[in-house]
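Colleague: Could you have a look at this structure, given as structure tokens, before my questions?
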Amino acid sequence: MSQRTTLFRQLAILQMLPRSPYNLSTTTIQLRLEEQGYHVTDRSLQRDLEKLAKHFPLACCKDEKPYRWSYMRNYTSDLPALDTVTALTLVLAEEAVRGLLPKVAMDKISYKFQGARKHLEGMQANGFAQWSQRVRAIPNGKSLIAAEISPTIWEQLTDALLNSYAVDVEYLSRVKGEVKNFTLHPLGLVTRDSSSYLLATVNEHDDVRQFALHRFRNVTPSARLYRARPDFNVQTYIDQGAFGFPLAKEPVRLVARITSAVAWLLAETPLCMDQTLSEPDAEGWVQLKGSVPNDQQTLWWIMGFGASIDVQEPTEWRQHIYEQASIIASRA
């Protein structure tokens, strides 16, 4: 076998190994190498791993066979080296996702962000070091502090999702205010605002339900057979309004009068593809027209503009807004 083939095989091994606490058995490594066209014996693979461990921070768990390999938990790689644009992008991305991802997920990739900041801070000569202090990504609206999630819970649930096995859980029911026991069959994971949700079927039921990750109290692999749903698609599930509190499946025609300030905002960042804005009338109002989702999220967004928007259609929305305004006024 040529030295070139051996080198590429060893690079493939380094690319597939995860960081601790995750690991791969030598059997799995061998199978993945074969998928990439590298046929290697057990003995040759062991020699490769032992040789790589002399130059890289690899850990081997020998508690049972086959042995399991990983990078040490705190290992950070500088390969390939960051370029300046990528480093700046990562600094901005950190600002954008900090309030969206749970802390345990951010901790998993924090070394990437640290490397990006270190790269920029080391470029005093060309001024890039100041970019991280001069550039910020802020959310559109108020972001809540991300719900606290146990690192162990996160790892167990994401592992069950990615490797398709059922889990027995203890879960705090928000409705009943007590801990319930379920067997869940994970199907998807969604992060919305400051909370993350596991999508799963429960016990022997077929309907998909949502479980907030911060309400799990205990998670263990289940002895029950995993009930797969090959037809399930997370995007389709979302498009059907699962997270938007749908009022109807079809979009509605929105007609409203808006102030010039709101019109400027929507002229630059349209509400929908078919949006139209009229010229201001004598009082400065602009007429907005467009097709929007008929869901609670859109209605809440409109209500957030308060007196700066006067909804004319749909009439149900107009009535709802006026009813809410009347309730607020009655408390004054």
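Letters A, B, ... mark the chains of the structure tokens in the order given; residue numbers begin at 1 per chain; ligand numbers begin at 1, in order shown.
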Residues at most 7 Å from Thr26 of chain A, counting only C-alpha atoms, excluding those fewer than 5 positions away in the same chain, as a PyMOL selection string?
Modeller: chain A and resi 66-68
Colleague: Determine, counting only C-alpha atoms, which protein, DNA and RNA residues have an atom within 12 Å of an atom of Ile29 of chain A; residues of the same chain fewer than 3 positions away are not included. Present the result as a ChimeraX atom specification.
Modeller: /A:9-10,12-18,23-26,32-36,38-42,45-46,48-49,66-70
Colleague: Kindly save the residues from that selection, with C-alpha atoms included, as a PDB file, in the first residue's frame.
Modeller:
```pdb
ATOM      1  CA  ARG A   9      -6.719   7.053   5.109  1.00  0.00           C
ATOM      2  CA  GLN A  10      -5.296   8.504   8.310  1.00  0.00           C
ATOM      3  CA  ALA A  12     -10.077  10.331   6.913  1.00  0.00           C
ATOM      4  CA  ILE A  13      -9.822   8.836  10.406  1.00  0.00           C
ATOM      5  CA  LEU A  14      -8.977  12.214  11.923  1.00  0.00           C
ATOM      6  CA  GLN A  15     -11.929  13.831  10.145  1.00  0.00           C
ATOM      7  CA  MET A  16     -14.476  11.330  11.442  1.00  0.00           C
ATOM      8  CA  LEU A  17     -13.467  11.178  15.105  1.00  0.00           C
ATOM      9  CA  PRO A  18     -15.733  13.184  17.476  1.00  0.00           C
ATOM     10  CA  ASN A  23     -16.614   8.366  20.500  1.00  0.00           C
ATOM     11  CA  LEU A  24     -16.486   5.789  17.717  1.00  0.00           C
ATOM     12  CA  SER A  25     -15.739   2.107  18.018  1.00  0.00           C
ATOM     13  CA  THR A  26     -13.010   0.629  15.842  1.00  0.00           C
ATOM     14  CA  ARG A  32     -16.878   4.221   7.516  1.00  0.00           C
ATOM     15  CA  LEU A  33     -13.445   3.842   5.950  1.00  0.00           C
ATOM     16  CA  GLU A  34     -14.791   1.110   3.689  1.00  0.00           C
ATOM     17  CA  GLU A  35     -17.604   3.448   2.621  1.00  0.00           C
ATOM     18  CA  GLN A  36     -14.904   5.902   1.515  1.00  0.00           C
ATOM     19  CA  TYR A  38     -10.352   2.369   2.194  1.00  0.00           C
ATOM     20  CA  HIS A  39     -10.158  -1.345   2.938  1.00  0.00           C
ATOM     21  CA  VAL A  40      -8.100  -1.958   6.061  1.00  0.00           C
ATOM     22  CA  THR A  41      -7.595  -4.877   8.440  1.00  0.00           C
ATOM     23  CA  ASP A  42      -8.280  -4.672  12.165  1.00  0.00           C
ATOM     24  CA  LEU A  45      -6.483   0.210  11.753  1.00  0.00           C
ATOM     25  CA  GLN A  46      -5.175  -0.244  15.281  1.00  0.00           C
ATOM     26  CA  ASP A  48      -3.083   3.819  12.396  1.00  0.00           C
ATOM     27  CA  LEU A  49      -4.890   4.914  15.545  1.00  0.00           C
ATOM     28  CA  PRO A  66     -14.193  -3.043  20.454  1.00  0.00           C
ATOM     29  CA  TYR A  67     -12.162  -0.101  21.743  1.00  0.00           C
ATOM     30  CA  ARG A  68     -13.652   3.361  21.280  1.00  0.00           C
ATOM     31  CA  TRP A  69     -11.743   6.435  20.115  1.00  0.00           C
ATOM     32  CA  SER A  70     -12.283  10.186  20.295  1.00  0.00           C
TER      33      SER A  70
END
```
Colleague: Return the single residue from A:Ile258, A:Val85, A:Val292, A:Asp310 that is closest to Met273 of chain A, with distances computed using only C-alpha atoms.
Modeller: A:Val292
Colleague: Nearest to Arg257 of chain A among A:Gly304, A:Pro186, A:Pro221, A:Pro280, with distances taken over only C-alpha atoms: which residue is it?
Modeller: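 Selected residue with least distance to Arg257 of chain A: A:Pro280.
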Colleague: Using DSSP on the backbone, list every residue of segment 24-250 of chain A that comes out as alpha helix (DSSP H), and give them as a ChimeraX atom specification.
Modeller: /A:26-35,42-53,84-97,103-121,131-134,151-163,234-239
Colleague: Run DSSP on the backbone and grab whatever in segment 66-298 of chain A lands in strand (DSSP E); send it over as number ranges by chain.
Modeller: A: 68-71, 167-172, 179-192, 195-202, 209-212, 216-221, 252-258, 276-277, 286-292
Colleague: Could you check which of A:Thr183, A:Ala256, A:Ile145, A:Gln240 is closest to Thr201 of chain A, using only C-alpha atoms?
Modeller: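 Result for the nearest residue to Thr201 of chain A: A:Thr183.
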Colleague: As a list in words, please: the residues near Pro230 of chain A (cut-off 10 Å, only C-alpha atoms, same-chain neighbours under 3 positions excluded).
Modeller: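 Final neighbour list, sorted by chain and number: Leu187, Arg227 and Asn233 of chain A.
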Colleague: I want to know what sits within 8 Å of segment 75-77 of chain A, based on only C-alpha atoms, with residues of the same chain fewer than 4 positions away left out; could you give that as a list in words?
Modeller: Arg19, Pro57, Tyr71 and Tyr111 of chain A
Colleague: Need to verify the contact set: Ala166 of chain A, 7 Å, only C-alpha atoms, exclusion of same-chain residues closer than 4 positions in sequence. Can you return it as a ChimeraX atom specification?
Modeller: /A:160,183-186,221-222,224-226
Colleague: Atom CA of Ala212 of chain A to atom CA of Ser194 of chain A: how many Å, to one decimal?
Modeller: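 Computing the Euclidean distance for atom CA of Ala212 of chain A and atom CA of Ser194 of chain A yields 10.7 Å.
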